[in-house]
Amino acid sequence: MINSVLFVIFFNLMYFHGRGIVLIFDNLKQKNLNLFKLPLNLFYPLISLFFIGNLTLILNFFLPVKSFFFQILLFFPILFNFKKLETPSYSVNNLIKYLFLPGILGLSTLSIGLAYDAGLYHLNSQLWIRESNVPIGLYNIHFRYGYSSLIEYISANFWLNNNFILLHFINLSFLSSFLNFIFYFITENPNKSFKQFGYFIIIFGFFDNFGYSGGRNGFLDIEAVSKHDTPFAILFVLSNLFLFHIYKNKCATKIELFTISLLILFSIQMRVFGIITLIFLIFTILKINWTLVKTTKTLLTSVILGFIFTLKNILISGCMFFPVEISCFESLDWYVKKSASIEAQSLSSFHKSYQVGTNLIFWFEDWLSKSINKTTIINFLISFILILIFKRLYYIKVEKYQNYFFIYIYYLILVLFWFMTAPGVRLGLGVFCLSFAILSLNAEKNIVRFKYFDKNIFIIAGLVLVTFLMPRLENYEKLFVDPFRVINLEPKYPQYINNDYFGVTTQNNDLCWIKINCISYRDGVIKRKIQKSEIGMFKVYRITN
């Protein structure tokens, strides 16, 4: 219970931090300012996390984020809430969005653990951000450092000595924000497509708990600490959902296109898969027929931040987008030729991606040989068919559906791109959930057949039930046994020994966990001599053999 209360406090601080950032740049002169016909306050927690990550990224070029000065600067915007005080609204809807739903998700803290990858490289990646400015060639110590997601720059600010529970709170903040969007979609918004999408997501989330091999159908998940598949999926779904909205209406305000560009950038910074959304962004801009000057001015902030993120990638890995070999610069002396290809091949092999030219049936049989793939795809197809049946029974089509051909082709490209890169279930959560946005494109052409069940009380109860089922049932057992238990999430450190190649390694090849100069020879890390040198204020790490 205490952990739930702590997360509720954390989430609301993110809300007010995001509001403070908005007040810095805009004094909310337009009191009823909205985006995509949604209230701006739904975006506050995401604004906060985006700001924290990108400011950390920018300043980390010059200093470690562990600096006290930096921490003051980072969280200073929360004070701007005093600039424009408002009387809190204690409506039932707000209590559900900012207290009840986050409180339920916070119960997951009771059984959460640190992921394998946290010990392999995530926490050490954050340690580098905390202890050093951007290290050139850092990926040479461990290829996984080359991914360098923005989630690492966010998380690096939330260490509590040896307790990493706030890293879990970051993931839950993304999930709470998404549930708040869904809650607003189903209760207050006038957009039928958003409402129908909200209905389908609730049903999809409910079906996630049942089915073949006990369930799991590609719905959003509460993950072990350091994984960020659900945060990426949420950004990916929201950015595409709002792009669909602009595309359908063939118009957008400057603030809407500005926001969508930042959402897309956020998803790309989280995971390179998000870059495919740029295809649809470009097509949408052409669709709304803006001038080049107007478009450039609106997207300039996103372009600058994207350039800074790309520059950081090049310094760390020698690639604009690791592990995409075509984006790498072989002329850089810290880049090892074909190293990105090696990592991409490793990723592809592990997730059993489709290789162009191979037998499609044989590949699919091989992909299904992983039990989690088979379970998820069967349950997803069952869920999708049942939701499609629900749509046909619950709604009456009153007009001919419009053919959104380009959106259908775009979604097919997304699915193919996922299958051909890294078709792991956890990496495809956004693709699964986005299918229900496709299913909701023509919601305006429908009317509800059974209006008695269209009342808020039934829909809200469904969302609360889905939220209740997201934490594992063992959390509720632990809550009943010890309701005032406080969780400290700490790793178990291995014994470190000197390494002939670089720094230290671990006895018995255990995970490194948190040791800045440690190399664990797991997951294909090669024994290579690493040379450290300095160029001005930057440390450079190169392979010498």
# chains A, B, ... in the order shown; residues from 1 in each chain; ligands from 1
call {"tool": "residues_around", "arguments": {"residues": "Leu123 in chain A", "least_positions_apart": "4", "cutoff": "9 Å", "atoms": "only C-alpha atoms", "output": "VMD selection string"}}
result
chain A and resid 117 to 119 127 to 128 152 155 to 156 226 513 to 515
call {"tool": "residues_around", "arguments": {"residues": "Leu150 in chain A", "least_positions_apart": "4", "cutoff": "12 Å", "atoms": "only C-alpha atoms", "output": "PyMOL selection string"}}
result
chain A and resi 49-58+122+125-126+129+145-146+154-157+228+231-232+265-272+305-306+308-310+312-313
call {"tool": "write_last_selection", "arguments": {"atoms": "C-alpha atoms", "output": "CSV table (one decimal), in the first residue's frame"}}
result
chain,number,residue,atom,x,y,z
A,49,LEU,CA,9.6,12.7,-19.1
A,50,PHE,CA,10.5,14.1,-22.6
A,51,PHE,CA,12.0,17.2,-21.0
A,52,ILE,CA,14.0,15.3,-18.4
A,53,GLY,CA,15.4,12.9,-21.0
A,54,ASN,CA,16.4,15.6,-23.6
A,55,LEU,CA,17.8,18.1,-21.1
A,56,THR,CA,19.9,15.3,-19.6
A,57,LEU,CA,21.1,14.3,-23.1
A,58,ILE,CA,22.1,17.9,-24.0
A,122,HIS,CA,21.2,-1.0,-18.6
A,125,SER,CA,24.8,2.5,-19.2
A,126,GLN,CA,23.0,4.8,-16.7
A,129,ILE,CA,25.7,9.0,-17.8
A,145,TYR,CA,25.8,0.4,-25.0
A,146,GLY,CA,25.4,1.4,-28.7
A,154,ILE,CA,15.6,9.7,-18.0
A,155,SER,CA,16.4,6.8,-15.6
A,156,ALA,CA,19.9,8.1,-14.7
A,157,ASN,CA,18.2,10.9,-12.7
A,228,HIS,CA,11.2,-0.2,-21.8
A,231,PRO,CA,6.9,2.9,-22.8
A,232,PHE,CA,8.0,2.7,-26.4
A,265,LEU,CA,10.9,12.0,-31.9
A,266,PHE,CA,10.4,10.6,-28.4
A,267,SER,CA,9.5,7.2,-29.8
A,268,ILE,CA,12.6,7.2,-32.1
A,269,GLN,CA,14.8,8.2,-29.2
A,270,MET,CA,13.3,5.3,-27.2
A,271,ARG,CA,13.8,2.7,-30.0
A,272,VAL,CA,14.9,3.0,-33.6
A,305,LEU,CA,16.7,17.8,-30.8
A,306,GLY,CA,16.9,14.9,-33.3
A,308,ILE,CA,21.6,16.3,-31.0
A,309,PHE,CA,20.4,12.8,-30.3
A,310,THR,CA,21.9,11.5,-33.6
A,312,LYS,CA,25.3,11.5,-29.4
A,313,ASN,CA,24.7,8.2,-31.2
call {"tool": "residues_around", "arguments": {"residues": "Lys66 in chain A", "least_positions_apart": "4", "cutoff": "8 Å", "atoms": "only C-alpha atoms", "output": "count of residues only"}}
result
5
call {"tool": "residues_around", "arguments": {"residues": "Ser353 in chain A", "least_positions_apart": "4", "cutoff": "6 Å", "atoms": "only C-alpha atoms", "output": "number ranges by chain"}}
result
A: 348, 419-423
call {"tool": "decode", "arguments": {"residues": "range 158-240 of chain A", "atoms": "C-alpha atoms", "output": "PDB file, in the first residue's frame"}}
result
ATOM      1  CA  PHE A 158      16.199   8.619 -10.468  1.00  0.00           C
ATOM      2  CA  TRP A 159      18.729   6.525  -8.576  1.00  0.00           C
ATOM      3  CA  LEU A 160      18.214   6.377  -4.825  1.00  0.00           C
ATOM      4  CA  ASN A 161      21.673   5.207  -3.826  1.00  0.00           C
ATOM      5  CA  ASN A 162      21.353   1.432  -4.226  1.00  0.00           C
ATOM      6  CA  ASN A 163      17.546   1.380  -4.545  1.00  0.00           C
ATOM      7  CA  PHE A 164      16.131   1.372  -8.092  1.00  0.00           C
ATOM      8  CA  ILE A 165      12.421   1.424  -7.372  1.00  0.00           C
ATOM      9  CA  LEU A 166      11.973   4.828  -9.049  1.00  0.00           C
ATOM     10  CA  LEU A 167      13.028   3.271 -12.353  1.00  0.00           C
ATOM     11  CA  HIS A 168       9.903   1.142 -12.079  1.00  0.00           C
ATOM     12  CA  PHE A 169       7.881   4.264 -11.320  1.00  0.00           C
ATOM     13  CA  ILE A 170       9.098   5.774 -14.621  1.00  0.00           C
ATOM     14  CA  ASN A 171       7.655   2.846 -16.591  1.00  0.00           C
ATOM     15  CA  LEU A 172       4.427   3.013 -14.604  1.00  0.00           C
ATOM     16  CA  SER A 173       4.166   6.735 -15.402  1.00  0.00           C
ATOM     17  CA  PHE A 174       4.025   5.950 -19.117  1.00  0.00           C
ATOM     18  CA  LEU A 175       1.391   3.303 -18.465  1.00  0.00           C
ATOM     19  CA  SER A 176      -0.653   5.564 -16.186  1.00  0.00           C
ATOM     20  CA  SER A 177      -0.586   8.302 -18.830  1.00  0.00           C
ATOM     21  CA  PHE A 178      -1.850   5.866 -21.452  1.00  0.00           C
ATOM     22  CA  LEU A 179      -4.687   4.690 -19.195  1.00  0.00           C
ATOM     23  CA  ASN A 180      -5.619   8.338 -18.589  1.00  0.00           C
ATOM     24  CA  PHE A 181      -5.858   8.864 -22.344  1.00  0.00           C
ATOM     25  CA  ILE A 182      -8.074   5.779 -22.626  1.00  0.00           C
ATOM     26  CA  PHE A 183     -10.206   6.974 -19.708  1.00  0.00           C
ATOM     27  CA  TYR A 184     -10.738  10.338 -21.378  1.00  0.00           C
ATOM     28  CA  PHE A 185     -11.447   8.684 -24.738  1.00  0.00           C
ATOM     29  CA  ILE A 186     -14.300   6.625 -23.278  1.00  0.00           C
ATOM     30  CA  THR A 187     -15.838   9.224 -20.955  1.00  0.00           C
ATOM     31  CA  GLU A 188     -15.455  12.811 -22.156  1.00  0.00           C
ATOM     32  CA  ASN A 189     -14.046  13.175 -25.659  1.00  0.00           C
ATOM     33  CA  PRO A 190     -16.337  13.886 -28.650  1.00  0.00           C
ATOM     34  CA  ASN A 191     -14.185  11.970 -31.153  1.00  0.00           C
ATOM     35  CA  LYS A 192     -15.855   8.664 -32.042  1.00  0.00           C
ATOM     36  CA  SER A 193     -12.658   7.084 -33.375  1.00  0.00           C
ATOM     37  CA  PHE A 194     -10.827   7.748 -30.093  1.00  0.00           C
ATOM     38  CA  LYS A 195     -13.808   6.414 -28.126  1.00  0.00           C
ATOM     39  CA  GLN A 196     -14.064   3.249 -30.187  1.00  0.00           C
ATOM     40  CA  PHE A 197     -10.302   2.726 -29.925  1.00  0.00           C
ATOM     41  CA  GLY A 198     -10.651   3.051 -26.137  1.00  0.00           C
ATOM     42  CA  TYR A 199     -13.402   0.403 -26.084  1.00  0.00           C
ATOM     43  CA  PHE A 200     -11.350  -2.000 -28.187  1.00  0.00           C
ATOM     44  CA  ILE A 201      -8.209  -1.515 -26.071  1.00  0.00           C
ATOM     45  CA  ILE A 202     -10.177  -2.269 -22.887  1.00  0.00           C
ATOM     46  CA  ILE A 203     -11.563  -5.491 -24.381  1.00  0.00           C
ATOM     47  CA  PHE A 204      -8.122  -6.387 -25.761  1.00  0.00           C
ATOM     48  CA  GLY A 205      -6.596  -5.853 -22.315  1.00  0.00           C
ATOM     49  CA  PHE A 206      -9.260  -8.036 -20.711  1.00  0.00           C
ATOM     50  CA  PHE A 207      -8.685 -10.893 -23.174  1.00  0.00           C
ATOM     51  CA  ASP A 208      -4.951 -10.716 -22.375  1.00  0.00           C
ATOM     52  CA  ASN A 209      -5.677 -12.651 -19.174  1.00  0.00           C
ATOM     53  CA  PHE A 210      -7.325 -15.657 -20.847  1.00  0.00           C
ATOM     54  CA  GLY A 211      -6.845 -17.970 -23.780  1.00  0.00           C
ATOM     55  CA  TYR A 212      -4.336 -20.414 -25.201  1.00  0.00           C
ATOM     56  CA  SER A 213      -1.615 -21.433 -22.692  1.00  0.00           C
ATOM     57  CA  GLY A 214      -3.168 -19.173 -20.051  1.00  0.00           C
ATOM     58  CA  GLY A 215      -3.328 -15.996 -22.136  1.00  0.00           C
ATOM     59  CA  ARG A 216      -1.077 -13.191 -23.395  1.00  0.00           C
ATOM     60  CA  ASN A 217      -2.132 -11.568 -26.638  1.00  0.00           C
ATOM     61  CA  GLY A 218       0.252  -8.647 -27.206  1.00  0.00           C
ATOM     62  CA  PHE A 219      -1.374  -6.185 -24.806  1.00  0.00           C
ATOM     63  CA  LEU A 220       0.781  -3.752 -22.804  1.00  0.00           C
ATOM     64  CA  ASP A 221       2.754  -5.346 -20.018  1.00  0.00           C
ATOM     65  CA  ILE A 222       4.234  -4.356 -16.644  1.00  0.00           C
ATOM     66  CA  GLU A 223       7.849  -5.301 -17.197  1.00  0.00           C
ATOM     67  CA  ALA A 224      10.821  -6.013 -14.998  1.00  0.00           C
ATOM     68  CA  VAL A 225      12.837  -2.915 -14.134  1.00  0.00           C
ATOM     69  CA  SER A 226      15.040  -1.469 -16.909  1.00  0.00           C
ATOM     70  CA  LYS A 227      12.980  -2.837 -19.818  1.00  0.00           C
ATOM     71  CA  HIS A 228      11.186  -0.162 -21.820  1.00  0.00           C
ATOM     72  CA  ASP A 229       9.092  -2.051 -24.348  1.00  0.00           C
ATOM     73  CA  THR A 230       5.791  -0.796 -22.916  1.00  0.00           C
ATOM     74  CA  PRO A 231       6.885   2.885 -22.765  1.00  0.00           C
ATOM     75  CA  PHE A 232       7.989   2.677 -26.404  1.00  0.00           C
ATOM     76  CA  ALA A 233       4.743   0.953 -27.431  1.00  0.00           C
ATOM     77  CA  ILE A 234       2.703   3.711 -25.754  1.00  0.00           C
ATOM     78  CA  LEU A 235       4.594   6.501 -27.539  1.00  0.00           C
ATOM     79  CA  PHE A 236       4.389   4.592 -30.811  1.00  0.00           C
ATOM     80  CA  VAL A 237       0.623   4.028 -30.532  1.00  0.00           C
ATOM     81  CA  LEU A 238      -0.197   7.593 -29.449  1.00  0.00           C
ATOM     82  CA  SER A 239       1.935   9.240 -32.145  1.00  0.00           C
ATOM     83  CA  ASN A 240       0.340   7.081 -34.858  1.00  0.00           C
TER      84      ASN A 240
END
